file structure14.txt (compact mmCIF, C-alpha atoms and all ligand atoms)
# COMPACT_ATOMS: atom_id res chain seq x y z
CA MET A 30 5.53 -40.97 4.14
CA LYS A 31 5.83 -40.57 0.47
CA HIS A 32 8.09 -37.86 -0.92
CA PHE A 33 6.74 -35.11 -3.08
CA ALA A 34 7.55 -35.27 -6.76
CA LYS A 35 9.81 -32.68 -8.37
CA PRO A 36 8.11 -29.45 -9.45
CA PHE A 37 7.17 -29.31 -13.07
CA LEU A 38 9.00 -26.95 -15.32
CA LEU A 39 7.42 -24.19 -17.28
CA SER A 40 6.46 -25.54 -20.66
CA ALA A 41 6.33 -23.39 -23.74
CA ALA A 42 3.01 -24.99 -24.68
CA LEU A 43 1.02 -21.81 -24.15
CA ALA A 44 0.60 -19.70 -27.18
CA VAL A 45 -2.33 -17.59 -28.23
CA ALA A 46 -2.72 -17.43 -32.00
CA THR A 47 -3.23 -13.68 -32.17
CA VAL A 48 -1.69 -11.38 -29.60
CA VAL A 49 -4.46 -9.39 -27.97
CA PRO A 50 -3.37 -5.78 -27.47
CA VAL A 51 -3.34 -4.77 -23.81
CA HIS A 52 -5.84 -1.95 -24.39
CA ALA A 53 -8.66 -4.02 -25.87
CA GLU A 54 -11.32 -5.98 -24.05
CA ILE A 55 -10.10 -9.53 -23.58
CA ASP A 56 -11.07 -12.12 -26.18
CA VAL A 57 -12.52 -14.72 -23.84
CA ALA A 58 -13.19 -17.40 -26.47
CA ARG A 59 -9.60 -17.37 -27.70
CA LEU A 60 -8.10 -17.15 -24.21
CA LYS A 61 -10.31 -19.95 -22.91
CA ALA A 62 -9.15 -22.20 -25.76
CA ALA A 63 -5.51 -21.34 -24.97
CA ILE A 64 -6.04 -22.02 -21.25
CA GLU A 65 -7.63 -25.38 -22.01
CA THR A 66 -4.81 -26.41 -24.36
CA SER A 67 -2.27 -25.48 -21.70
CA PHE A 68 -4.30 -27.33 -19.06
CA GLU A 69 -4.36 -30.55 -21.11
CA ALA A 70 -0.58 -30.39 -21.59
CA ASP A 71 0.04 -29.73 -17.87
CA TYR A 72 -2.58 -32.05 -16.47
CA PRO A 73 -0.44 -35.11 -15.64
CA LYS A 74 1.75 -32.93 -13.41
CA LEU A 75 -1.20 -31.08 -11.87
CA ASP A 76 -2.93 -34.39 -11.18
CA ALA A 77 0.17 -35.70 -9.41
CA LEU A 78 0.47 -32.46 -7.43
CA TYR A 79 -3.17 -32.61 -6.35
CA LYS A 80 -3.02 -36.24 -5.32
CA ASP A 81 0.26 -35.77 -3.39
CA LEU A 82 -1.23 -32.81 -1.51
CA HIS A 83 -4.42 -34.77 -0.86
CA ALA A 84 -2.56 -37.82 0.47
CA GLU A 85 -0.30 -35.76 2.78
CA PRO A 86 -2.48 -33.16 4.47
CA GLU A 87 -1.19 -30.96 7.31
CA LEU A 88 -3.07 -29.04 9.99
CA ALA A 89 -3.19 -25.29 10.63
CA PHE A 90 0.26 -23.70 11.09
CA ALA A 91 1.92 -27.11 10.56
CA GLU A 92 1.78 -26.93 6.74
CA VAL A 93 5.55 -27.25 6.39
CA LYS A 94 5.88 -29.86 3.62
CA THR A 95 2.86 -28.44 1.81
CA ALA A 96 4.35 -24.91 1.80
CA ALA A 97 7.77 -26.22 0.71
CA ARG A 98 6.16 -28.09 -2.18
CA LEU A 99 4.28 -25.00 -3.36
CA ALA A 100 7.39 -22.83 -2.97
CA ALA A 101 9.31 -25.21 -5.24
CA GLU A 102 6.52 -25.24 -7.84
CA MET A 103 6.36 -21.42 -7.92
CA ARG A 104 10.14 -20.96 -8.12
CA ALA A 105 10.18 -23.35 -11.08
CA LEU A 106 7.66 -21.04 -12.78
CA GLY A 107 9.94 -18.02 -12.27
CA PHE A 108 8.20 -16.50 -9.21
CA GLU A 109 10.25 -14.86 -6.47
CA VAL A 110 9.17 -16.77 -3.36
CA THR A 111 9.36 -15.70 0.30
CA GLU A 112 8.61 -18.45 2.80
CA LYS A 113 7.50 -18.38 6.45
CA VAL A 114 5.29 -15.30 6.11
CA GLY A 115 2.76 -15.61 8.95
CA ARG A 116 4.53 -18.74 10.26
CA THR A 117 3.98 -21.25 7.43
CA GLY A 118 2.60 -18.97 4.68
CA LEU A 119 4.33 -18.00 1.46
CA VAL A 120 4.31 -15.10 -0.96
CA ALA A 121 5.22 -15.61 -4.63
CA ILE A 122 5.75 -12.55 -6.81
CA TYR A 123 5.99 -12.38 -10.61
CA LYS A 124 6.66 -8.99 -12.18
CA ASN A 125 5.66 -8.37 -15.78
CA GLY A 126 5.98 -4.66 -16.46
CA GLU A 127 3.92 -1.64 -15.37
CA GLY A 128 0.46 -2.35 -14.09
CA PRO A 129 -1.60 -3.29 -11.06
CA THR A 130 -0.68 -5.91 -8.49
CA ILE A 131 -3.23 -8.71 -8.36
CA MET A 132 -3.31 -11.13 -5.46
CA VAL A 133 -4.50 -14.73 -5.77
CA ARG A 134 -4.86 -16.62 -2.50
CA THR A 135 -4.94 -20.30 -1.66
CA GLU A 136 -5.18 -21.93 1.75
CA LEU A 137 -2.66 -24.57 2.87
CA ASP A 138 -4.35 -26.32 5.78
CA ALA A 139 -6.42 -29.48 6.20
CA LEU A 140 -8.85 -30.65 8.91
CA PRO A 141 -8.43 -32.83 12.03
CA MET A 142 -10.72 -35.64 10.83
CA GLU A 143 -10.61 -39.08 9.25
CA GLU A 144 -11.13 -39.36 5.50
CA LYS A 145 -13.66 -42.09 4.69
CA THR A 146 -13.51 -42.20 0.90
CA ASP A 147 -12.20 -45.22 -0.99
CA LEU A 148 -9.99 -43.08 -3.22
CA PRO A 149 -6.60 -44.64 -4.00
CA TYR A 150 -4.97 -41.38 -2.83
CA ALA A 151 -7.05 -41.03 0.35
CA SER A 152 -5.21 -39.64 3.38
CA ARG A 153 -4.26 -42.00 6.22
CA VAL A 154 -2.14 -39.32 7.92
CA LYS A 155 -2.33 -39.02 11.70
CA THR A 156 -0.78 -36.31 13.82
CA ALA A 157 -0.74 -34.90 17.34
CA TRP A 158 -3.29 -32.15 17.86
CA ASN A 159 -4.37 -30.47 21.12
CA GLY A 160 -2.70 -33.24 23.12
CA LYS A 161 -4.47 -36.03 21.20
CA GLU A 162 -3.76 -38.04 18.08
CA THR A 163 -6.01 -37.26 15.15
CA PHE A 164 -6.40 -38.20 11.51
CA VAL A 165 -5.87 -35.38 9.02
CA ALA A 166 -7.83 -34.89 5.79
CA HIS A 167 -8.26 -32.30 3.04
CA SER A 168 -12.05 -32.51 3.39
CA CYS A 169 -12.58 -28.82 2.65
CA GLY A 170 -10.93 -28.95 -0.79
CA HIS A 171 -7.92 -26.75 0.02
CA ASP A 172 -5.85 -29.22 -2.03
CA ILE A 173 -8.05 -28.36 -5.05
CA HIS A 174 -7.37 -24.68 -4.32
CA MET A 175 -3.60 -25.24 -4.16
CA ALA A 176 -3.43 -27.20 -7.41
CA SER A 177 -5.66 -24.58 -9.10
CA TRP A 178 -3.39 -21.85 -7.73
CA VAL A 179 -0.24 -23.44 -9.18
CA GLY A 180 -2.08 -24.17 -12.46
CA THR A 181 -3.34 -20.58 -12.69
CA ALA A 182 0.16 -19.22 -12.02
CA LYS A 183 1.58 -21.38 -14.79
CA THR A 184 -1.18 -20.37 -17.20
CA LEU A 185 -0.74 -16.65 -16.50
CA VAL A 186 3.03 -16.88 -16.98
CA GLY A 187 2.40 -18.67 -20.28
CA LEU A 188 0.04 -15.82 -21.26
CA LYS A 189 2.33 -13.02 -20.13
CA ASP A 190 2.04 -11.17 -23.44
CA GLN A 191 -1.66 -10.70 -22.56
CA TRP A 192 -1.21 -8.64 -19.38
CA ARG A 193 1.06 -6.11 -17.66
CA GLY A 194 1.57 -5.82 -13.92
CA THR A 195 2.51 -7.99 -10.96
CA LEU A 196 1.13 -11.32 -9.78
CA MET A 197 1.14 -11.74 -6.02
CA PHE A 198 0.26 -15.38 -5.31
CA ILE A 199 -0.08 -16.07 -1.60
CA ALA A 200 -0.51 -19.42 0.16
CA GLN A 201 -2.15 -18.82 3.51
CA PRO A 202 -1.92 -21.11 6.53
CA ALA A 203 -4.60 -21.90 9.09
CA GLU A 204 -7.82 -20.86 7.35
CA GLU A 205 -9.79 -23.53 9.20
CA ILE A 206 -9.04 -21.91 12.55
CA GLY A 207 -9.56 -18.40 11.14
CA ALA A 208 -6.04 -17.30 12.06
CA GLY A 209 -3.82 -17.54 8.96
CA ALA A 210 -4.84 -14.40 7.09
CA MET A 211 -4.33 -12.31 10.22
CA ALA A 212 -0.95 -13.99 10.83
CA MET A 213 0.24 -13.06 7.33
CA LEU A 214 -1.01 -9.47 7.68
CA ALA A 215 0.65 -9.15 11.10
CA ASP A 216 3.88 -10.42 9.54
CA GLY A 217 3.91 -7.57 7.01
CA LEU A 218 2.06 -9.04 4.03
CA PHE A 219 1.00 -5.58 2.83
CA THR A 220 4.08 -3.67 4.07
CA ARG A 221 7.02 -5.95 3.29
CA PHE A 222 5.29 -6.69 -0.02
CA LYS A 223 3.16 -4.31 -2.06
CA LYS A 224 -0.47 -4.03 -1.03
CA PRO A 225 -2.38 -5.47 -4.01
CA ASP A 226 -4.91 -3.52 -6.08
CA PHE A 227 -7.31 -6.50 -6.18
CA ALA A 228 -7.49 -9.97 -4.65
CA PHE A 229 -9.15 -13.19 -5.79
CA ALA A 230 -9.79 -16.54 -4.14
CA LEU A 231 -11.85 -19.58 -5.03
CA HIS A 232 -13.46 -22.33 -2.98
CA ALA A 233 -14.62 -25.81 -3.95
CA GLY A 234 -18.16 -26.89 -3.03
CA GLY A 235 -20.34 -30.04 -3.17
CA TYR A 236 -22.19 -29.50 -6.45
CA PRO A 237 -21.50 -30.38 -10.12
CA HIS A 238 -18.16 -29.42 -11.68
CA GLY A 239 -18.08 -26.98 -14.56
CA TYR A 240 -20.23 -24.56 -12.55
CA VAL A 241 -18.97 -21.28 -11.08
CA ASN A 242 -21.00 -19.56 -8.33
CA TYR A 243 -20.38 -15.95 -7.39
CA ARG A 244 -21.90 -13.16 -5.34
CA VAL A 245 -21.89 -9.40 -5.09
CA GLY A 246 -21.57 -8.02 -1.56
CA ALA A 247 -21.64 -10.42 1.41
CA GLY A 248 -20.40 -13.85 0.36
CA SER A 249 -19.90 -15.43 3.79
CA SER A 250 -20.92 -14.65 7.35
CA ASN A 251 -19.55 -12.66 10.28
CA PHE A 252 -18.50 -15.15 12.90
CA ASP A 253 -18.45 -14.52 16.66
CA GLY A 254 -17.77 -17.05 19.40
CA LEU A 255 -19.96 -17.37 22.51
CA TYR A 256 -18.75 -18.40 25.98
CA ILE A 257 -21.12 -18.03 28.92
CA LYS A 258 -20.61 -19.38 32.43
CA PHE A 259 -23.71 -19.40 34.67
CA ARG A 260 -22.62 -19.30 38.28
CA GLY A 261 -24.92 -20.98 40.81
CA ARG A 262 -24.51 -22.70 44.13
CA GLY A 263 -24.13 -26.47 44.17
CA GLY A 264 -25.78 -28.94 46.49
CA HIS A 265 -27.92 -32.08 46.80
CA GLY A 266 -30.26 -32.80 43.93
CA ALA A 267 -32.97 -33.69 46.47
CA MET A 268 -32.67 -30.29 48.21
CA PRO A 269 -32.84 -27.76 45.36
CA GLN A 270 -34.12 -25.04 47.71
CA ARG A 271 -30.61 -24.86 49.18
CA THR A 272 -28.94 -24.38 45.79
CA ILE A 273 -28.93 -22.01 42.85
CA ASP A 274 -29.21 -24.35 39.89
CA PRO A 275 -26.89 -23.37 37.01
CA VAL A 276 -28.18 -26.20 34.77
CA MET A 277 -31.64 -24.64 34.98
CA MET A 278 -30.17 -21.26 33.98
CA ALA A 279 -28.29 -22.77 31.05
CA ALA A 280 -31.40 -24.59 29.84
CA ARG A 281 -33.56 -21.46 30.11
CA PHE A 282 -30.95 -19.38 28.29
CA ILE A 283 -30.62 -21.87 25.41
CA VAL A 284 -34.36 -21.65 24.74
CA ASP A 285 -34.89 -17.94 25.48
CA VAL A 286 -31.94 -16.70 23.42
CA GLN A 287 -33.67 -17.94 20.25
CA SER A 288 -36.27 -15.21 20.80
CA VAL A 289 -33.49 -12.71 20.00
CA ILE A 290 -33.51 -14.33 16.54
CA SER A 291 -37.27 -14.76 16.17
CA ARG A 292 -38.58 -11.58 17.87
CA GLU A 293 -35.82 -8.93 17.95
CA LYS A 294 -33.94 -9.42 14.68
CA ASP A 295 -35.58 -8.31 11.45
CA PRO A 296 -36.92 -11.61 10.05
CA THR A 297 -35.70 -10.72 6.55
CA GLU A 298 -32.10 -10.47 7.80
CA PHE A 299 -29.77 -13.43 8.30
CA GLY A 300 -28.69 -14.35 11.83
CA ILE A 301 -27.93 -17.59 13.70
CA ILE A 302 -27.20 -18.38 17.35
CA SER A 303 -26.23 -22.03 17.91
CA ILE A 304 -25.11 -23.55 21.21
CA GLY A 305 -22.72 -26.38 20.40
CA ALA A 306 -21.41 -27.42 23.83
CA ILE A 307 -22.85 -27.57 27.36
CA ASN A 308 -20.50 -28.45 30.19
CA SER A 309 -21.80 -28.92 33.71
CA GLY A 310 -22.03 -31.45 36.48
CA THR A 311 -20.89 -35.02 37.06
CA VAL A 312 -23.73 -37.23 38.31
CA GLY A 313 -27.52 -37.11 38.55
CA ASN A 314 -28.03 -36.23 42.21
CA ILE A 315 -25.63 -33.31 42.55
CA ILE A 316 -26.58 -29.82 41.46
CA PRO A 317 -23.28 -28.38 40.19
CA ASP A 318 -21.77 -24.98 40.95
CA ASP A 319 -21.73 -23.74 37.41
CA ALA A 320 -22.65 -24.44 33.79
CA THR A 321 -20.66 -23.37 30.75
CA LEU A 322 -22.05 -22.90 27.24
CA LEU A 323 -20.09 -22.59 24.00
CA GLY A 324 -21.76 -21.36 20.87
CA THR A 325 -21.42 -19.66 17.51
CA ILE A 326 -23.08 -16.49 16.23
CA ARG A 327 -23.39 -15.77 12.50
CA SER A 328 -24.63 -12.71 10.61
CA PHE A 329 -24.06 -10.82 7.37
CA ARG A 330 -24.73 -7.20 8.34
CA PRO A 331 -22.91 -5.31 11.13
CA GLU A 332 -26.18 -3.79 12.50
CA VAL A 333 -27.76 -7.24 12.78
CA ARG A 334 -24.62 -8.56 14.47
CA ALA A 335 -24.64 -5.74 17.03
CA LYS A 336 -28.33 -6.33 17.81
CA MET A 337 -27.77 -10.06 18.31
CA LEU A 338 -24.74 -9.58 20.59
CA ALA A 339 -26.71 -7.11 22.74
CA GLY A 340 -29.70 -9.49 22.92
CA ILE A 341 -27.53 -12.45 23.94
CA GLU A 342 -25.91 -10.48 26.74
CA ARG A 343 -29.25 -9.14 28.01
CA THR A 344 -30.85 -12.61 27.96
CA ALA A 345 -27.95 -14.21 29.86
CA LYS A 346 -28.01 -11.52 32.56
CA ALA A 347 -31.81 -11.71 32.88
CA VAL A 348 -31.75 -15.50 33.22
CA ALA A 349 -29.22 -15.25 36.08
CA GLU A 350 -31.28 -12.54 37.74
CA MET A 351 -34.43 -14.69 37.59
CA SER A 352 -32.55 -17.33 39.62
CA ASP A 353 -31.13 -14.72 42.01
CA ALA A 354 -27.67 -15.86 40.88
CA PRO A 355 -24.52 -13.77 40.47
CA ALA A 356 -24.06 -12.18 37.05
CA PRO A 357 -22.83 -14.72 34.49
CA LEU A 358 -19.42 -14.50 32.84
CA ILE A 359 -20.06 -13.56 29.21
CA GLN A 360 -17.39 -13.55 26.52
CA LEU A 361 -18.52 -12.85 22.97
CA THR A 362 -15.33 -13.02 20.94
CA GLU A 363 -15.04 -11.37 17.58
CA GLY A 364 -14.10 -13.86 14.86
CA THR A 365 -13.74 -13.47 11.10
CA LYS A 366 -15.81 -10.90 9.27
CA ALA A 367 -18.02 -11.49 6.24
CA VAL A 368 -16.26 -11.58 2.85
CA ILE A 369 -17.63 -8.57 0.96
CA ASN A 370 -17.26 -9.03 -2.80
CA ASP A 371 -16.40 -5.71 -4.45
CA PRO A 372 -19.17 -4.75 -6.94
CA GLU A 373 -16.79 -3.26 -9.54
CA LEU A 374 -14.29 -6.10 -9.44
CA VAL A 375 -17.12 -8.63 -9.65
CA ALA A 376 -18.77 -6.78 -12.57
CA THR A 377 -15.52 -6.98 -14.56
CA ALA A 378 -14.88 -10.65 -13.86
CA GLU A 379 -18.55 -11.48 -14.40
CA LYS A 380 -18.38 -10.40 -18.06
CA ALA A 381 -15.40 -12.66 -18.77
CA LEU A 382 -16.80 -15.59 -16.76
CA LYS A 383 -20.23 -15.26 -18.40
CA ALA A 384 -18.59 -15.41 -21.84
CA ALA A 385 -16.63 -18.51 -20.79
CA PHE A 386 -19.21 -20.44 -18.73
CA GLY A 387 -22.59 -19.16 -20.00
CA GLU A 388 -25.45 -20.63 -17.97
CA ARG A 389 -22.96 -22.40 -15.75
CA LEU A 390 -22.00 -19.10 -14.14
CA ARG A 391 -24.58 -18.55 -11.42
CA LEU A 392 -25.28 -15.71 -9.05
CA SER A 393 -25.90 -17.48 -5.75
CA PRO A 394 -26.97 -16.55 -2.23
CA PRO A 395 -24.22 -16.00 0.36
CA ASN A 396 -22.81 -18.84 2.44
CA THR A 397 -23.67 -18.98 6.13
CA THR A 398 -20.15 -20.27 6.84
CA SER A 399 -17.20 -17.94 7.51
CA GLU A 400 -13.87 -17.41 5.79
CA ASP A 401 -10.82 -15.35 6.76
CA PHE A 402 -10.21 -14.16 3.18
CA SER A 403 -12.30 -11.24 4.52
CA GLU A 404 -9.25 -10.03 6.49
CA PHE A 405 -7.60 -8.86 3.24
CA GLY A 406 -10.75 -6.88 2.40
CA GLY A 407 -10.64 -5.41 5.91
CA SER A 408 -7.21 -4.02 4.95
CA GLY A 409 -8.81 -2.11 2.07
CA VAL A 410 -8.22 -4.47 -0.87
CA PRO A 411 -11.23 -5.02 -3.21
CA LEU A 412 -12.02 -8.75 -3.10
CA MET A 413 -13.77 -11.37 -5.14
CA MET A 414 -14.26 -14.94 -3.96
CA PHE A 415 -16.10 -17.43 -6.16
CA HIS A 416 -17.00 -21.09 -5.81
CA ILE A 417 -16.56 -24.08 -8.13
CA GLY A 418 -18.35 -27.45 -8.11
CA VAL A 419 -16.55 -30.78 -7.78
CA TYR A 420 -18.90 -33.67 -8.70
CA ASP A 421 -20.06 -35.46 -11.87
CA VAL A 422 -23.48 -34.02 -12.65
CA GLU A 423 -25.07 -37.46 -13.28
CA LYS A 424 -23.91 -38.82 -9.92
CA TRP A 425 -24.94 -35.63 -8.16
CA THR A 426 -28.44 -35.70 -9.72
CA ALA A 427 -28.91 -39.42 -8.98
CA ALA A 428 -27.76 -38.95 -5.37
CA ASN A 429 -30.20 -36.07 -4.87
CA LYS A 430 -33.05 -38.19 -6.31
CA SER A 431 -32.16 -41.07 -4.00
CA GLY A 432 -32.51 -38.75 -1.00
CA THR A 433 -28.83 -39.10 0.02
CA PRO A 434 -27.02 -36.11 -1.50
CA LEU A 435 -23.26 -36.33 -2.18
CA ALA A 436 -21.05 -35.12 0.67
CA ALA A 437 -20.36 -31.42 1.16
CA ASN A 438 -17.18 -29.82 2.54
CA HIS A 439 -16.03 -31.07 5.97
CA SER A 440 -17.67 -34.46 5.38
CA PRO A 441 -15.36 -37.51 5.59
CA GLN A 442 -16.78 -38.54 2.19
CA PHE A 443 -16.00 -35.25 0.40
CA ALA A 444 -14.34 -36.41 -2.84
CA PRO A 445 -13.88 -33.95 -5.72
CA VAL A 446 -13.35 -35.31 -9.25
CA PRO A 447 -9.91 -33.79 -9.83
CA LYS A 448 -9.57 -33.11 -13.56
CA PRO A 449 -12.78 -31.23 -14.43
CA THR A 450 -12.71 -29.45 -11.06
CA LEU A 451 -9.16 -28.19 -11.59
CA GLN A 452 -9.94 -27.26 -15.20
CA THR A 453 -12.85 -25.07 -14.05
CA GLY A 454 -10.80 -23.55 -11.22
CA ILE A 455 -7.83 -22.68 -13.41
CA THR A 456 -9.93 -21.40 -16.32
CA ALA A 457 -12.15 -19.25 -14.09
CA MET A 458 -9.29 -17.84 -12.01
CA THR A 459 -7.09 -17.10 -15.04
CA LEU A 460 -9.93 -15.26 -16.78
CA ALA A 461 -10.86 -13.34 -13.61
CA VAL A 462 -7.25 -12.14 -13.21
CA LEU A 463 -6.91 -11.28 -16.92
CA SER A 464 -10.19 -9.34 -16.83
CA ALA A 465 -8.96 -7.28 -13.85
CA PHE A 466 -5.62 -6.51 -15.56
CA ASP A 467 -7.49 -5.56 -18.73
CA GLN A 468 -10.02 -3.34 -16.95
CA HIS A 469 -7.20 -1.53 -15.15
CA ALA A 470 -5.19 -1.12 -18.38
CA ARG A 471 -8.22 0.51 -20.02
CA GLY A 472 -8.43 2.95 -17.10
CA LYS A 473 -11.88 1.87 -15.94
ZN ZN A 501 -13.30 -25.64 5.72
ZN ZN A 502 -12.27 -24.18 3.19
call {"tool": "encode", "arguments": {"input": "structure14.txt", "output": "structure tokens"}}
result
Amino acid sequence: MKHFAKPFLLSAALAVATVVPVHAEIDVARLKAAIETSFEADYPKLDALYKDLHAEPELAFAEVKTAARLAAEMRALGFEVTEKVGRTGLVAIYKNGEGPTIMVRTELDALPMEEKTDLPYASRVKTAWNGKETFVAHSCGHDIHMASWVGTAKTLVGLKDQWRGTLMFIAQPAEEIGAGAMAMLADGLFTRFKKPDFAFALHAGGYPHGYVNYRVGAGSSNFDGLYIKFRGRGGHGAMPQRTIDPVMMAARFIVDVQSVISREKDPTEFGIISIGAINSGTVGNIIPDDATLLGTIRSFRPEVRAKMLAGIERTAKAVAEMSDAPAPLIQLTEGTKAVINDPELVATAEKALKAAFGERLRLSPPNTTSEDFSEFGGSGVPLMMFHIGVYDVEKWTAANKSGTPLAANHSPQFAPVPKPTLQTGITAMTLAVLSAFDQHARGK
């Protein structure tokens, strides 16, 4: 394995021509120009950081080298860094006078899958996972988030005459298994360290770079897991009258449960029930004893979620009763909650981002995927999560026309174009943080 390069040192390249007083609305045009100048000067080091992280991905709660690399980068920028918060997470604090504490979060973890890009820095890393060997790849873009996070920290330190308060940069483990945010909170993130006044995060997505997508309110879905075991009575496939067929029950449930979505849920509300795994039986002429289903349940609103969970349980019990079978085992496990973007925080950032990105800032519908950044909101911190594109617009348009769109997150072909993607991430995040400091300083 290749060793990580040394962290880059804070350059004095950042200087804004006129100092903007803390109590005036931020001058986005001037700040954007300063951020871009700083970005150009830092880019060789950011590019190396991104490619190193990309080439050496680590899975959830095993992000040891990744966390150590980020800790070194943040210490070099003058942050006070605490490691091993929530197992492999880290907290980096930078104090700059009286003012609010603003949290910026990145994830650390990669996915258990093989990268199939032809990039020179593609990952070939393999590791043990759940008793098997697996490839590891940053196919969700968390490496883009980490490099943007370090770049934003450096930019904000360079612009420290523009804001007053505390930066709380956290690197969170295990987002992909929905466990890292909770692990950091359980390890005293908001008690050992100050609970922040606001928190920001960004996520990369499979659309053109230079674009920033944001939302007010729900930005991702509530996620619940489904486990149902139908209990029958096994026997010979040629003598079904002497059995209670659990495969039949499972099949009936899979079809009937969709009527919870189509007939019980308000059709204008979002809700999904998907069964992703069916486990039962061994050969064709034996009716097995039981059948197990695994599934996922997604929703935005708590009322819709409650209605769906009740409908799933009722359908499963009714299906078993129709077969005169014992009651099924039903476990609907609560997963991550929807990220709710705070209207006031979003309104403040929106003004700055609109001035910087114009038509390329887009209000977009919520994602149906889930994200444990919501856990910090659940602890009472106003949140904003926004998304940035990663592809060259010409290639993206041509691919769409050809009928084979470019790969989205979690695809083995997911391949962000580093420089413009990082430039957008760092510019947008820096301006979002500066706008929140400014709004707070003006007492609004
Ligand atoms: Zn992901
Ligand atoms: Zn992700």
call {"tool": "closest_residue", "arguments": {"input": "structure14.txt", "among": "A:Val133, A:Ala461, A:Ile273, A:Ala367", "to": "Phe252 in chain A", "atoms": "only C-alpha atoms"}}
result
A:Ala367
call {"tool": "residues_around", "arguments": {"input": "structure14.txt", "residues": "Leu382 in chain A", "least_positions_apart": "3", "cutoff": "10 Å", "atoms": "only C-alpha atoms", "output": "count of residues only"}}
result
21
call {"tool": "closest_atom_pairs", "arguments": {"input": "structure14.txt", "of": "chain A", "to": "ligand ZN 501 (chain A)", "cutoff": "7 Å", "atoms": "all atoms listed in the file", "output": "tab-separated table"}}
result
residue	atom	partner	partner_atom	distance
A:Cys169	CA	A:ZN501	ZN	4.5
A:Glu205	CA	A:ZN501	ZN	5.4
A:Asn438	CA	A:ZN501	ZN	6.5
A:His439	CA	A:ZN501	ZN	6.1
call {"tool": "closest_residue", "arguments": {"input": "structure14.txt", "among": "A:Val462, A:Ala306, A:Leu231, A:Met197", "to": "ligand ZN 502 (chain A)", "atoms": "only C-alpha atoms and all ligand atoms"}}
result
A:Leu231
call {"tool": "closest_residue", "arguments": {"input": "structure14.txt", "among": "A:Glu388, A:Glu136, A:Asp76, A:Asp467", "to": "ligand ZN 502 (chain A)", "atoms": "all atoms listed in the file"}}
result
A:Glu136
call {"tool": "closest_residue", "arguments": {"input": "structure14.txt", "among": "A:Arg104, A:Lys74, A:His83, A:His416", "to": "ligand ZN 502 (chain A)", "atoms": "all atoms listed in the file"}}
result
A:His416
call {"tool": "residues_around", "arguments": {"input": "structure14.txt", "residues": "range 155-157 of chain A", "least_positions_apart": "6", "cutoff": "9 Å", "atoms": "all atoms listed in the file", "output": "ChimeraX atom specification"}}
result
/A:87-88,141,143,163-165
call {"tool": "write_last_selection", "arguments": {"input": "structure14.txt", "atoms": "C-alpha atoms", "output": "CSV table (one decimal), keeping the file's coordinate frame"}}
result
chain,number,residue,atom,x,y,z
A,87,GLU,CA,-1.2,-31.0,7.3
A,88,LEU,CA,-3.1,-29.0,10.0
A,141,PRO,CA,-8.4,-32.8,12.0
A,143,GLU,CA,-10.6,-39.1,9.2
A,163,THR,CA,-6.0,-37.3,15.2
A,164,PHE,CA,-6.4,-38.2,11.5
A,165,VAL,CA,-5.9,-35.4,9.0
call {"tool": "atom_distance", "arguments": {"input": "structure14.txt", "atom1": "CA of Tyr150 in chain A", "atom2": "CA of Asp81 in chain A"}}
result
7.7 Å
call {"tool": "residues_near_ligand", "arguments": {"input": "structure14.txt", "ligand": "ligand ZN 502 (chain A)", "cutoff": "10 Å", "atoms": "only C-alpha atoms and all ligand atoms", "output": "ChimeraX atom specification"}}
result
/A:135-140,167-172,174,203-205,231-234,398-401,438-439
call {"tool": "axis_aligned_box", "arguments": {"input": "structure14.txt", "around": "range 418-430 of chain A", "padding_each_side": "3 Å", "output": "JSON"}}
result
{"center_x": -24.8, "center_y": -33.4, "center_z": -9.1, "size_x": 22.5, "size_y": 18.0, "size_z": 14.4}
call {"tool": "atom_distance", "arguments": {"input": "structure14.txt", "atom1": "CA of Asn251 in chain A", "atom2": "CA of Ala228 in chain A"}}
result
19.4 Å
call {"tool": "residues_near_point", "arguments": {"input": "structure14.txt", "point": "(-18.4, -16.5, 18.4)", "cutoff": "12 Å", "atoms": "all atoms listed in the file", "output": "PyMOL selection string"}}
result
chain A and resi 207+250-257+301-305+322-328+334+337-338+341+359-366+399
call {"tool": "atom_distance", "arguments": {"input": "structure14.txt", "atom1": "CA of Gly266 in chain A", "atom2": "CA of Glu350 in chain A"}}
result
21.2 Å
